[in-house]
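Undergrad: Structure supplied as model-v1.pdb; contents: PDB, C-alpha atoms, pLDDT in the B column.
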```pdb
ATOM      1  CA  MET A 172      50.311  75.637 223.435  1.00 36.00           C
ATOM      2  CA  PRO A 173      52.056  77.389 226.307  1.00 37.00           C
ATOM      3  CA  GLU A 174      53.409  75.201 229.110  1.00 38.00           C
ATOM      4  CA  THR A 175      51.497  77.098 231.752  1.00 36.00           C
ATOM      5  CA  ILE A 176      48.414  79.175 231.257  1.00 43.00           C
ATOM      6  CA  THR A 177      49.004  81.348 234.301  1.00 47.00           C
ATOM      7  CA  MET A 178      51.888  83.138 232.548  1.00 51.00           C
ATOM      8  CA  PRO A 179      51.125  85.818 229.947  1.00 60.00           C
ATOM      9  CA  LEU A 180      50.842  84.315 226.498  1.00 70.00           C
ATOM     10  CA  ALA A 181      53.509  85.290 223.990  1.00 78.00           C
ATOM     11  CA  PRO A 182      52.004  86.916 220.909  1.00 81.00           C
ATOM     12  CA  MET A 183      51.448  84.682 217.928  1.00 88.00           C
ATOM     13  CA  GLU A 184      53.160  85.306 214.603  1.00 91.00           C
ATOM     14  CA  PRO A 185      51.006  87.470 212.287  1.00 92.00           C
ATOM     15  CA  ASN A 186      50.834  84.745 209.626  1.00 93.00           C
ATOM     16  CA  ASP A 187      49.675  82.241 212.249  1.00 93.00           C
ATOM     17  CA  VAL A 188      46.888  84.588 213.366  1.00 93.00           C
ATOM     18  CA  ALA A 189      45.740  85.098 209.781  1.00 94.00           C
ATOM     19  CA  ASP A 190      45.873  81.381 208.936  1.00 95.00           C
ATOM     20  CA  ALA A 191      44.121  80.253 212.124  1.00 94.00           C
ATOM     21  CA  PHE A 192      41.279  82.732 211.716  1.00 95.00           C
ATOM     22  CA  ALA A 193      40.957  81.956 208.000  1.00 96.00           C
ATOM     23  CA  TYR A 194      40.338  78.352 209.013  1.00 96.00           C
ATOM     24  CA  ILE A 195      37.953  79.235 211.879  1.00 94.00           C
ATOM     25  CA  GLN A 196      35.942  81.575 209.674  1.00 95.00           C
ATOM     26  CA  ALA A 197      35.786  78.985 206.884  1.00 96.00           C
ATOM     27  CA  ILE A 198      34.485  76.364 209.348  1.00 94.00           C
ATOM     28  CA  HIS A 199      31.953  78.883 210.671  1.00 95.00           C
ATOM     29  CA  ALA A 200      30.756  79.622 207.134  1.00 95.00           C
ATOM     30  CA  ALA A 201      30.665  75.880 206.306  1.00 95.00           C
ATOM     31  CA  ASP A 202      33.134  76.611 203.493  1.00 96.00           C
ATOM     32  CA  ILE A 203      34.744  73.175 203.434  1.00 94.00           C
ATOM     33  CA  ASP A 204      36.829  73.951 200.335  1.00 96.00           C
ATOM     34  CA  THR A 205      38.544  76.947 201.959  1.00 96.00           C
ATOM     35  CA  ALA A 206      38.950  75.133 205.272  1.00 95.00           C
ATOM     36  CA  GLY A 207      40.511  72.184 203.455  1.00 95.00           C
ATOM     37  CA  ALA A 208      42.859  74.436 201.477  1.00 96.00           C
ATOM     38  CA  VAL A 209      44.033  76.215 204.637  1.00 95.00           C
ATOM     39  CA  ALA A 210      44.520  72.881 206.412  1.00 94.00           C
ATOM     40  CA  ASP A 211      46.454  71.460 203.464  1.00 95.00           C
ATOM     41  CA  ASP A 212      48.748  74.513 203.333  1.00 95.00           C
ATOM     42  CA  ILE A 213      49.519  74.438 207.054  1.00 94.00           C
ATOM     43  CA  GLY A 214      49.418  70.754 207.917  1.00 92.00           C
ATOM     44  CA  PRO A 215      47.170  69.120 210.527  1.00 87.00           C
ATOM     45  CA  GLU A 216      49.517  69.243 213.539  1.00 86.00           C
ATOM     46  CA  GLN A 217      50.587  72.854 212.969  1.00 91.00           C
ATOM     47  CA  LEU A 218      46.993  73.959 212.349  1.00 92.00           C
ATOM     48  CA  CYS A 219      45.766  72.260 215.503  1.00 87.00           C
ATOM     49  CA  ARG A 220      48.561  73.900 217.531  1.00 87.00           C
ATOM     50  CA  MET A 221      47.693  77.324 216.104  1.00 91.00           C
ATOM     51  CA  LEU A 222      43.996  76.834 216.850  1.00 89.00           C
ATOM     52  CA  VAL A 223      44.726  75.858 220.449  1.00 84.00           C
ATOM     53  CA  ASP A 224      46.891  79.006 220.727  1.00 87.00           C
ATOM     54  CA  VAL A 225      43.919  81.055 219.497  1.00 88.00           C
ATOM     55  CA  ALA A 226      41.612  79.236 221.923  1.00 84.00           C
ATOM     56  CA  ALA A 227      43.944  80.081 224.825  1.00 82.00           C
ATOM     57  CA  ARG A 228      43.808  83.746 223.843  1.00 83.00           C
ATOM     58  CA  VAL A 229      40.004  83.648 223.602  1.00 80.00           C
ATOM     59  CA  PHE A 230      39.099  81.508 226.628  1.00 76.00           C
ATOM     60  CA  ILE A 231      41.620  82.539 229.279  1.00 72.00           C
ATOM     61  CA  PRO A 232      41.013  86.324 229.298  1.00 70.00           C
ATOM     62  CA  ILE A 233      37.249  85.769 229.415  1.00 68.00           C
ATOM     63  CA  THR A 234      37.234  83.065 232.067  1.00 64.00           C
ATOM     64  CA  ALA A 235      39.870  84.849 234.177  1.00 65.00           C
ATOM     65  CA  GLU A 236      37.914  88.105 234.370  1.00 62.00           C
ATOM     66  CA  ASP A 237      37.113  89.331 237.840  1.00 59.00           C
ATOM     67  CA  ASP A 238      34.130  91.603 238.306  1.00 58.00           C
ATOM     68  CA  HIS A 239      34.669  92.274 242.017  1.00 58.00           C
ATOM     69  CA  ASP A 240      37.125  95.172 241.765  1.00 66.00           C
ATOM     70  CA  GLY A 241      40.161  92.928 241.734  1.00 63.00           C
ATOM     71  CA  GLU A 242      39.065  90.809 244.685  1.00 66.00           C
ATOM     72  CA  PRO A 243      38.950  87.077 243.983  1.00 62.00           C
ATOM     73  CA  CYS A 244      35.723  85.287 244.740  1.00 62.00           C
ATOM     74  CA  ALA A 245      34.375  81.757 244.351  1.00 60.00           C
ATOM     75  CA  HIS A 246      32.990  82.219 240.851  1.00 62.00           C
ATOM     76  CA  SER A 247      36.213  83.776 239.552  1.00 62.00           C
ATOM     77  CA  PHE A 248      38.146  80.667 240.590  1.00 59.00           C
ATOM     78  CA  LEU A 249      35.491  78.434 239.038  1.00 61.00           C
ATOM     79  CA  ALA A 250      35.508  80.380 235.760  1.00 66.00           C
ATOM     80  CA  ALA A 251      39.300  80.261 235.531  1.00 66.00           C
ATOM     81  CA  ALA A 252      39.284  76.531 236.251  1.00 65.00           C
ATOM     82  CA  LEU A 253      36.649  75.953 233.558  1.00 67.00           C
ATOM     83  CA  GLY A 254      38.697  77.912 231.024  1.00 68.00           C
ATOM     84  CA  GLN A 255      41.780  75.856 231.794  1.00 68.00           C
ATOM     85  CA  LEU A 256      39.751  72.625 231.668  1.00 66.00           C
ATOM     86  CA  LEU A 257      38.384  73.550 228.264  1.00 71.00           C
ATOM     87  CA  LEU A 258      41.923  74.132 226.992  1.00 68.00           C
ATOM     88  CA  GLU A 259      43.045  70.801 228.436  1.00 68.00           C
ATOM     89  CA  LEU A 260      40.187  69.093 226.599  1.00 70.00           C
ATOM     90  CA  LEU A 261      41.226  70.788 223.374  1.00 68.00           C
ATOM     91  CA  CYS A 262      44.805  69.631 223.834  1.00 65.00           C
ATOM     92  CA  HIS A 263      44.201  66.097 225.031  1.00 62.00           C
ATOM     93  CA  GLY A 264      40.576  65.224 224.362  1.00 62.00           C
ATOM     94  CA  VAL A 265      40.094  62.429 221.898  1.00 52.00           C
ATOM     95  CA  CYS A 266      37.017  63.917 220.219  1.00 54.00           C
ATOM     96  CA  LEU A 267      38.272  67.502 220.123  1.00 55.00           C
ATOM     97  CA  ALA A 268      41.961  66.999 219.374  1.00 59.00           C
ATOM     98  CA  ASN A 269      41.658  67.849 215.703  1.00 80.00           C
ATOM     99  CA  ALA A 270      41.421  71.109 213.799  1.00 83.00           C
ATOM    100  CA  PRO A 271      37.673  71.021 213.021  1.00 84.00           C
ATOM    101  CA  GLY A 272      36.863  70.152 216.651  1.00 80.00           C
ATOM    102  CA  VAL A 273      39.008  72.971 218.027  1.00 82.00           C
ATOM    103  CA  ALA A 274      37.626  75.458 215.491  1.00 87.00           C
ATOM    104  CA  ARG A 275      34.028  74.481 216.308  1.00 83.00           C
ATOM    105  CA  THR A 276      34.743  74.816 220.033  1.00 82.00           C
ATOM    106  CA  ILE A 277      36.072  78.351 219.483  1.00 85.00           C
ATOM    107  CA  ILE A 278      33.000  79.172 217.396  1.00 85.00           C
ATOM    108  CA  LEU A 279      30.603  77.755 220.035  1.00 82.00           C
ATOM    109  CA  PHE A 280      32.404  79.600 222.840  1.00 81.00           C
ATOM    110  CA  THR A 281      32.207  82.802 220.799  1.00 83.00           C
ATOM    111  CA  ASP A 282      28.523  82.253 220.082  1.00 83.00           C
ATOM    112  CA  ASN A 283      27.516  81.286 223.624  1.00 79.00           C
ATOM    113  CA  ILE A 284      29.791  83.523 225.690  1.00 78.00           C
ATOM    114  CA  LEU A 285      31.080  86.444 223.635  1.00 77.00           C
ATOM    115  CA  THR A 286      28.086  87.458 221.526  1.00 82.00           C
ATOM    116  CA  GLU A 287      24.802  88.921 222.595  1.00 79.00           C
ATOM    117  CA  ASP A 288      23.313  89.610 219.175  1.00 81.00           C
ATOM    118  CA  GLY A 289      24.346  86.420 217.378  1.00 80.00           C
ATOM    119  CA  ASP A 290      26.989  88.137 215.214  1.00 90.00           C
ATOM    120  CA  VAL A 291      29.571  85.366 215.600  1.00 91.00           C
ATOM    121  CA  ALA A 292      31.347  86.304 212.359  1.00 93.00           C
ATOM    122  CA  GLY A 293      31.707  89.902 213.550  1.00 92.00           C
ATOM    123  CA  VAL A 294      33.140  88.836 216.897  1.00 89.00           C
ATOM    124  CA  LEU A 295      35.545  86.435 215.157  1.00 92.00           C
ATOM    125  CA  HIS A 296      36.735  89.348 213.000  1.00 92.00           C
ATOM    126  CA  GLN A 297      37.241  91.456 216.145  1.00 91.00           C
ATOM    127  CA  LEU A 298      39.219  88.652 217.792  1.00 88.00           C
ATOM    128  CA  GLU A 299      41.349  88.275 214.679  1.00 91.00           C
ATOM    129  CA  ALA A 300      42.002  92.031 214.542  1.00 90.00           C
ATOM    130  CA  ALA A 301      43.017  92.064 218.217  1.00 87.00           C
ATOM    131  CA  GLY A 302      45.313  89.077 217.713  1.00 87.00           C
ATOM    132  CA  MET A 303      46.829  90.655 214.615  1.00 89.00           C
ATOM    133  CA  ARG A 304      47.459  93.965 216.444  1.00 89.00           C
ATOM    134  CA  GLN A 305      49.229  92.108 219.231  1.00 86.00           C
ATOM    135  CA  ALA A 306      51.225  90.031 216.757  1.00 86.00           C
ATOM    136  CA  MET A 307      52.272  93.062 214.712  1.00 87.00           C
ATOM    137  CA  GLU A 308      53.357  94.949 217.838  1.00 87.00           C
ATOM    138  CA  ALA A 309      55.440  91.983 218.949  1.00 83.00           C
ATOM    139  CA  HIS A 310      56.817  91.227 215.479  1.00 78.00           C
ATOM    140  CA  PRO A 311      57.278  94.622 213.765  1.00 77.00           C
ATOM    141  CA  ALA A 312      59.345  93.082 210.928  1.00 72.00           C
ATOM    142  CA  HIS A 313      56.075  91.719 209.521  1.00 60.00           C
ATOM    143  CA  ARG A 314      54.573  95.177 209.035  1.00 55.00           C
ATOM    144  CA  THR A 315      54.007  96.258 205.498  1.00 50.00           C
ATOM    145  CA  THR A 316      54.764  99.765 204.386  1.00 43.00           C
ATOM    146  CA  ALA A 317      51.942 101.773 202.888  1.00 40.00           C
TER
END
```
Could you show the structure in this file as structure tokens?
TA:
Amino acid sequence: MPETITMPLAPMEPNDVADAFAYIQAIHAADIDTAGAVADDIGPEQLCRMLVDVAARVFIPITAEDDHDGEPCAHSFLAAALGQLLLELLCHGVCLANAPGVARTIILFTDNILTEDGDVAGVLHQLEAAGMRQAMEAHPAHRTTA
């Protein structure tokens, strides 16, 4: 996870984006076999770090949004503080500091905050695509030729 959340986040590696979202989507689909295979391939510490990186990219832009034409207001500070608190819990919380807990938190945040029609899987795919675009732009050596 980045040292400070107020600085722009460096793009993730494309493989990390793909692996993290494969795990999140497997947890969302209750596909324990796939989730276990992804976790075994990556390792628990690396997977947890990647999931917290994804969480930072999901929570911070949403909680830092300002809907008052660029003017800070009380609720914008509160939302940003809540986003940072949620990330702190993911990093240091005893009950959430594991890959399934982080993945479920991302899924719940997506369901409760980012979706209006209940299409959590669709929103997760959109988040993955956005993360992959950013990763590919930052790491062009990973692009495949068509």
Undergrad: Just give me the gap between CA of Val273 in chain A and CA of Asp288 in chain A in Å, one decimal is fine.
TA: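 CA of Asp288 in chain A lies at a distance of 22.9 Å from CA of Val273 in chain A.
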Undergrad: May I ask which of the residues A:Leu295, A:Met183, A:Ala226, A:Ile213 is the closest one to Ile198 in chain A, counting only C-alpha atoms?
TA: A:Leu295
Undergrad: For CA of Leu218 in chain A and CA of Pro311 in chain A, determine how far apart the two atoms are, in Å to one decimal place.
TA: 23.1 Å
Undergrad: With only C-alpha atoms as the basis for distance, which of A:Ala201, A:Val294, A:Leu260, A:Ala227 is at the shortest distance from Pro182 in chain A?
TA: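 Looking only at the distances to Pro182 in chain A, the closest residue turns out to be A:Ala227.
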Undergrad: Exactly which residues make up the result of the PyMOL selection byres ((chain A and resi 206) around 9) on this file, given as number ranges by chain?
TA: A: 193-198, 201-205, 207-211, 271
Undergrad: Hey, can you check how far CA of Ala200 in chain A sits from CA of Ala274 in chain A?
TA: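 Computed distance, CA of Ala200 in chain A to CA of Ala274 in chain A, equals 11.6 Å.
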Undergrad: Output the residue selection produced by the PyMOL selection byres ((chain A and resi 299) around 12) on the file above, formatted as a PyMOL selection string.
TA: chain A and resi 183+185-196+222+225-226+228-229+292-298+300-307
Undergrad: I need the residue nearest Ala181 in chain A from this list: A:Asp224, A:Leu285, A:Leu257, A:Phe280. Use only C-alpha atoms for the distance.
TA: A:Asp224
Undergrad: Would you please work out which residue, of A:Gly214, A:Phe230, A:Glu308, A:Glu184, is nearest to Asn283 in chain A when using all atoms listed in the file?
TA: A:Phe230
